[in-house]
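Colleague: Below is the file my_file.pdb, with PDB, C-alpha atoms (C1' of nucleotides).
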```
ATOM      1  CA  MET A   1     -19.050 -21.122   1.689  1.00  0.00           C
ATOM      2  CA  THR A   2     -17.995 -23.528   4.424  1.00  0.00           C
ATOM      3  CA  LYS A   3     -17.957 -23.702   8.191  1.00  0.00           C
ATOM      4  CA  PHE A   4     -14.317 -22.819   8.020  1.00  0.00           C
ATOM      5  CA  ASP A   5     -15.060 -19.656   6.045  1.00  0.00           C
ATOM      6  CA  ILE A   6     -17.741 -18.663   8.538  1.00  0.00           C
ATOM      7  CA  ALA A   7     -15.443 -19.215  11.474  1.00  0.00           C
ATOM      8  CA  VAL A   8     -12.823 -17.025   9.837  1.00  0.00           C
ATOM      9  CA  TYR A   9     -15.274 -14.220   9.087  1.00  0.00           C
ATOM     10  CA  GLU A  10     -16.750 -14.291  12.568  1.00  0.00           C
ATOM     11  CA  LEU A  11     -13.336 -13.872  14.135  1.00  0.00           C
ATOM     12  CA  ILE A  12     -12.295 -11.081  11.840  1.00  0.00           C
ATOM     13  CA  LYS A  13     -15.441  -9.122  12.589  1.00  0.00           C
ATOM     14  CA  LEU A  14     -14.146  -8.864  16.152  1.00  0.00           C
ATOM     15  CA  ILE A  15     -11.089  -6.865  15.185  1.00  0.00           C
ATOM     16  CA  PRO A  16     -11.484  -3.282  16.454  1.00  0.00           C
ATOM     17  CA  SER A  17     -11.078  -0.425  14.016  1.00  0.00           C
ATOM     18  CA  GLY A  18      -7.501   0.683  13.965  1.00  0.00           C
ATOM     19  CA  MET A  19      -6.161  -2.709  15.002  1.00  0.00           C
ATOM     20  CA  VAL A  20      -4.753  -5.451  12.821  1.00  0.00           C
ATOM     21  CA  THR A  21      -4.167  -9.157  13.206  1.00  0.00           C
ATOM     22  CA  THR A  22      -2.405 -11.817  11.190  1.00  0.00           C
ATOM     23  CA  TYR A  23      -3.458 -14.819   9.159  1.00  0.00           C
ATOM     24  CA  GLN A  24      -1.518 -16.856  11.657  1.00  0.00           C
ATOM     25  CA  GLU A  25      -3.349 -15.469  14.676  1.00  0.00           C
ATOM     26  CA  VAL A  26      -6.664 -16.340  13.091  1.00  0.00           C
ATOM     27  CA  ALA A  27      -5.540 -19.864  12.285  1.00  0.00           C
ATOM     28  CA  LEU A  28      -4.164 -20.431  15.763  1.00  0.00           C
ATOM     29  CA  ARG A  29      -7.408 -19.227  17.274  1.00  0.00           C
ATOM     30  CA  LEU A  30      -9.172 -21.813  15.135  1.00  0.00           C
ATOM     31  CA  GLY A  31      -6.925 -24.434  16.644  1.00  0.00           C
ATOM     32  CA  ASN A  32      -4.608 -25.257  13.762  1.00  0.00           C
ATOM     33  CA  ARG A  33      -2.007 -23.835  11.438  1.00  0.00           C
ATOM     34  CA  ALA A  34      -4.202 -23.264   8.418  1.00  0.00           C
ATOM     35  CA  TYR A  35      -2.979 -19.743   7.775  1.00  0.00           C
ATOM     36  CA  ARG A  36      -2.932 -20.408   4.087  1.00  0.00           C
ATOM     37  CA  ALA A  37      -6.493 -21.637   4.165  1.00  0.00           C
ATOM     38  CA  VAL A  38      -7.430 -18.474   6.044  1.00  0.00           C
ATOM     39  CA  GLY A  39      -6.103 -16.387   3.200  1.00  0.00           C
ATOM     40  CA  THR A  40      -7.984 -18.508   0.722  1.00  0.00           C
ATOM     41  CA  SER A  41     -11.235 -17.865   2.592  1.00  0.00           C
ATOM     42  CA  LEU A  42     -10.635 -14.132   2.748  1.00  0.00           C
ATOM     43  CA  SER A  43      -9.867 -13.986  -0.952  1.00  0.00           C
ATOM     44  CA  LYS A  44     -13.493 -14.991  -1.427  1.00  0.00           C
ATOM     45  CA  ASN A  45     -14.866 -12.736   1.278  1.00  0.00           C
ATOM     46  CA  PRO A  46     -18.424 -11.823   0.236  1.00  0.00           C
ATOM     47  CA  TYR A  47     -19.043  -9.536   3.222  1.00  0.00           C
ATOM     48  CA  ALA A  48     -16.667  -6.636   2.779  1.00  0.00           C
ATOM     49  CA  PRO A  49     -16.677  -4.233   4.529  1.00  0.00           C
ATOM     50  CA  LYS A  50     -18.787  -5.887   7.212  1.00  0.00           C
ATOM     51  CA  VAL A  51     -15.895  -8.296   7.568  1.00  0.00           C
ATOM     52  CA  PRO A  52     -12.860  -5.991   7.747  1.00  0.00           C
ATOM     53  CA  CYS A  53     -10.464  -8.318   6.018  1.00  0.00           C
ATOM     54  CA  HIS A  54      -8.117  -5.429   5.294  1.00  0.00           C
ATOM     55  CA  ARG A  55      -7.132  -5.625   8.957  1.00  0.00           C
ATOM     56  CA  VAL A  56      -5.578  -9.010   8.428  1.00  0.00           C
ATOM     57  CA  VAL A  57      -1.900  -8.865   7.512  1.00  0.00           C
ATOM     58  CA  LYS A  58       1.160 -11.086   7.441  1.00  0.00           C
ATOM     59  CA  SER A  59       2.966 -12.159  10.594  1.00  0.00           C
ATOM     60  CA  ASP A  60       5.999 -10.041   9.749  1.00  0.00           C
ATOM     61  CA  GLY A  61       3.989  -6.827   9.581  1.00  0.00           C
ATOM     62  CA  ARG A  62       3.801  -6.664   5.821  1.00  0.00           C
ATOM     63  CA  VAL A  63       0.384  -5.867   4.448  1.00  0.00           C
ATOM     64  CA  GLY A  64      -0.154  -8.858   2.213  1.00  0.00           C
ATOM     65  CA  GLY A  65      -2.886  -9.256  -0.369  1.00  0.00           C
ATOM     66  CA  TYR A  66      -6.369  -7.920  -0.883  1.00  0.00           C
ATOM     67  CA  GLY A  67      -9.144  -8.226  -3.426  1.00  0.00           C
ATOM     68  CA  GLY A  68      -7.657 -11.421  -4.735  1.00  0.00           C
ATOM     69  CA  LEU A  69      -4.363  -9.703  -5.523  1.00  0.00           C
ATOM     70  CA  LYS A  70      -0.939 -10.229  -3.988  1.00  0.00           C
ATOM     71  CA  GLU A  71      -0.466  -6.509  -3.646  1.00  0.00           C
ATOM     72  CA  SER A  72      -3.073  -3.800  -3.238  1.00  0.00           C
ATOM     73  CA  GLU A  73      -2.798  -0.074  -2.663  1.00  0.00           C
ATOM     74  CA  LYS A  74      -6.464  -0.156  -1.692  1.00  0.00           C
ATOM     75  CA  LYS A  75      -5.727  -2.144   1.419  1.00  0.00           C
ATOM     76  CA  ILE A  76      -2.914   0.171   2.372  1.00  0.00           C
ATOM     77  CA  GLU A  77      -5.087   3.252   1.970  1.00  0.00           C
ATOM     78  CA  MET A  78      -7.849   1.739   4.069  1.00  0.00           C
ATOM     79  CA  LEU A  79      -5.418   1.003   6.867  1.00  0.00           C
ATOM     80  CA  ARG A  80      -4.037   4.512   6.646  1.00  0.00           C
ATOM     81  CA  ASN A  81      -7.556   5.836   6.982  1.00  0.00           C
ATOM     82  CA  GLU A  82      -7.741   3.978  10.267  1.00  0.00           C
ATOM     83  CA  GLY A  83      -4.595   5.622  11.532  1.00  0.00           C
ATOM     84  CA  ARG A  84      -1.906   3.091  10.626  1.00  0.00           C
ATOM     85  CA  GLU A  85       1.294   4.336   9.120  1.00  0.00           C
ATOM     86  CA  ILE A  86       2.624   2.176   6.356  1.00  0.00           C
ATOM     87  CA  GLU A  87       6.050   2.445   4.879  1.00  0.00           C
ATOM     88  CA  ASP A  88       7.049   0.432   1.851  1.00  0.00           C
ATOM     89  CA  GLY A  89       4.288  -2.103   2.361  1.00  0.00           C
ATOM     90  CA  ARG A  90       5.075  -2.559   6.017  1.00  0.00           C
ATOM     91  CA  ILE A  91       3.046  -1.373   9.007  1.00  0.00           C
ATOM     92  CA  LYS A  92       4.948   0.874  11.392  1.00  0.00           C
ATOM     93  CA  ASP A  93       4.851  -0.144  15.022  1.00  0.00           C
ATOM     94  CA  PHE A  94       3.155  -3.319  13.923  1.00  0.00           C
ATOM     95  CA  GLU A  95       3.728  -5.332  17.090  1.00  0.00           C
ATOM     96  CA  ARG A  96       2.007  -2.678  19.154  1.00  0.00           C
ATOM     97  CA  ARG A  97      -1.022  -2.553  16.861  1.00  0.00           C
ATOM     98  CA  LEU A  98      -1.431  -6.305  16.688  1.00  0.00           C
ATOM     99  CA  TYR A  99      -4.737  -7.575  17.980  1.00  0.00           C
ATOM    100  CA  LYS A 100      -4.600 -11.058  19.459  1.00  0.00           C
ATOM    101  CA  PHE A 101      -7.631 -13.201  20.084  1.00  0.00           C
ATOM    102  CA  GLY A 102      -7.933 -14.457  23.616  1.00  0.00           C
ATOM    103  CA  ASN A 103      -8.479 -18.199  23.706  1.00  0.00           C
TER     104      ASN A 103
ATOM    105  C1'  DC B   1      -9.359 -40.394  -3.900  1.00  0.00           C
ATOM    106  C1'  DG B   2      -4.949 -37.833  -5.439  1.00  0.00           C
ATOM    107  C1'  DC B   3      -2.788 -33.587  -7.187  1.00  0.00           C
ATOM    108  C1'  DT B   4      -2.500 -28.609  -7.410  1.00  0.00           C
ATOM    109  C1'  DT B   5      -3.227 -24.111  -5.844  1.00  0.00           C
ATOM    110  C1'  DG B   6      -3.156 -20.133  -2.782  1.00  0.00           C
ATOM    111  C1'  DA B   7      -4.681 -12.623   0.476  1.00  0.00           C
ATOM    112  C1'  DC B   8       0.889 -17.563   4.456  1.00  0.00           C
ATOM    113  C1'  DA B   9       4.915 -19.036   7.744  1.00  0.00           C
ATOM    114  C1'  DC B  10       9.433 -20.829   8.841  1.00  0.00           C
ATOM    115  C1'  DC B  11      14.004 -22.407   8.133  1.00  0.00           C
ATOM    116  C1'  DG B  12      18.330 -22.873   5.849  1.00  0.00           C
ATOM    117  C1'  DT B  13      21.554 -20.938   2.638  1.00  0.00           C
TER     118       DT B  13
ATOM    119  C1'  DA C   1      18.960  -8.952   3.923  1.00  0.00           C
ATOM    120  C1'  DA C   2      17.364 -11.628  -0.006  1.00  0.00           C
ATOM    121  C1'  DC C   3      16.030 -16.220  -1.959  1.00  0.00           C
ATOM    122  C1'  DG C   4      14.455 -20.607  -2.347  1.00  0.00           C
ATOM    123  C1'  DG C   5      12.620 -24.764  -0.518  1.00  0.00           C
ATOM    124  C1'  DT C   6       9.363 -26.946   2.557  1.00  0.00           C
ATOM    125  C1'  DG C   7       5.431 -27.239   5.598  1.00  0.00           C
ATOM    126  C1'  DC C   8       0.721 -26.086   6.570  1.00  0.00           C
ATOM    127  C1'  DC C   9      -4.622 -26.844   5.568  1.00  0.00           C
ATOM    128  C1'  DA C  10      -9.026 -26.284   3.004  1.00  0.00           C
ATOM    129  C1'  DA C  11     -10.901 -26.241  -1.719  1.00  0.00           C
ATOM    130  C1'  DG C  12     -11.408 -27.364  -6.554  1.00  0.00           C
ATOM    131  C1'  DC C  13     -10.988 -30.219 -10.238  1.00  0.00           C
TER     132       DC C  13
END
```
As structure tokens, what does this structure read like?

Modeller:
Amino acid sequence: MTKFDIAVYELIKLIPSGMVTTYQEVALRLGNRAYRAVGTSLSKNPYAPKVPCHRVVKSDGRVGGYGGLKESEKKIEMLRNEGREIEDGRIKDFERRLYKFGN
DNA sequence: CGCTTGACACCGT
DNA sequence: AACGGTGCCAAGC
């Protein structure tokens, strides 16, 4: 557990239910381009579901990994339960559902 | 230290 | 559109 991890978790807790954001958005909000590092931190997320890491997806609208796996139906189902429609691993109307952190 | 590994992103074929 | 290579940054060993 590092400061970086904490920072990531704190940001992700701000994502409203039903919204999603990207690894890139999180990294940019932290002031760098550590999107890979963001994913690494989430893969170790000890606070699910307090930290809704399932709401963090790839910048192209694809769902991405969850639970330490590259692919996860679990993540998709959770997003569907929040109202997102997902087709073939990709969120429909992704751009419109994207939550951006103000700086 | 230096090298490798990711729940990623971007660019050129 | 699909692939592969390269860049990015924190962690682990």

Colleague: Which neighbours of DG12 of chain C fall inside 12 Å, counting only C-alpha atoms (C1' of nucleotides), when residues of the same chain fewer than 2 positions from it are skipped, and could you give them as a compact mmCIF listing (two decimals) with C-alpha atoms (C1' of nucleotides), keeping the file's coordinate frame?

Modeller:
```
# COMPACT_ATOMS: atom_id res chain seq x y z
CA THR A 40 -7.98 -18.51 0.72
C1' DC B 3 -2.79 -33.59 -7.19
C1' DT B 4 -2.50 -28.61 -7.41
C1' DT B 5 -3.23 -24.11 -5.84
C1' DG B 6 -3.16 -20.13 -2.78
C1' DA C 10 -9.03 -26.28 3.00
```

Colleague: Per residue of chain A within 8 Å of chain B, note the shortest atom pair and the distance in Å to one decimal, counting all atoms listed in the file, and order the rows by chain and increasing residue number, as a tab-separated table.

Modeller:
```
residue	atom	partner	partner_atom	distance
A:Tyr23	CA	B:DC8	C1'	7.0
A:Gln24	CA	B:DC8	C1'	7.6
A:Tyr35	CA	B:DC8	C1'	5.5
A:Arg36	CA	B:DC8	C1'	4.8
A:Ala37	CA	B:DG6	C1'	7.9
A:Gly39	CA	B:DA7	C1'	4.9
A:Thr40	CA	B:DG6	C1'	6.2
A:Leu42	CA	B:DA7	C1'	6.5
A:Ser43	CA	B:DA7	C1'	5.5
A:Lys58	CA	B:DC8	C1'	7.1
A:Ser59	CA	B:DA9	C1'	7.7
A:Gly64	CA	B:DA7	C1'	6.1
A:Gly65	CA	B:DA7	C1'	3.9
A:Tyr66	CA	B:DA7	C1'	5.2
A:Gly67	CA	B:DA7	C1'	7.4
A:Gly68	CA	B:DA7	C1'	6.1
A:Leu69	CA	B:DA7	C1'	6.7
A:Lys70	CA	B:DA7	C1'	6.3
```

Colleague: Counting only C-alpha atoms (C1' of nucleotides), which residues from chain C have an atom at most 9 Å from any atom of chain A, and could you show them as a PyMOL selection string?

Modeller: chain C and resi 8-11

Colleague: What does the structure give for the distance between atom CA of Phe101 of chain A and atom CA of Ser72 of chain A, in Å to one decimal?

Modeller: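 These atoms are spaced 25.6 Å apart.
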
Colleague: Could you write out as lines of an AutoDock Vina configuration file the box around chain B (axis-aligned, all atoms listed in the file, 8 Å on each side), with centre and edge lengths in Å to one decimal?

Modeller:
```
center_x = 6.1
center_y = -26.5
center_z = 0.7
size_x = 46.9
size_y = 43.8
size_z = 32.3
```

Colleague: Measure the distance from atom CA of Asn103 of chain A to atom CA of Gly83 of chain A in Å and round it to one decimal.

Modeller: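 It comes out at 27.0 Å.
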
Colleague: Can you turn the PyMOL selection byres ((chain A and resi 78-82) around 12) into a concrete residue list for this file, as a PyMOL selection string?

Modeller: chain A and resi 16-20+49+52-57+63+66+72-77+83-87+89-92+94+97
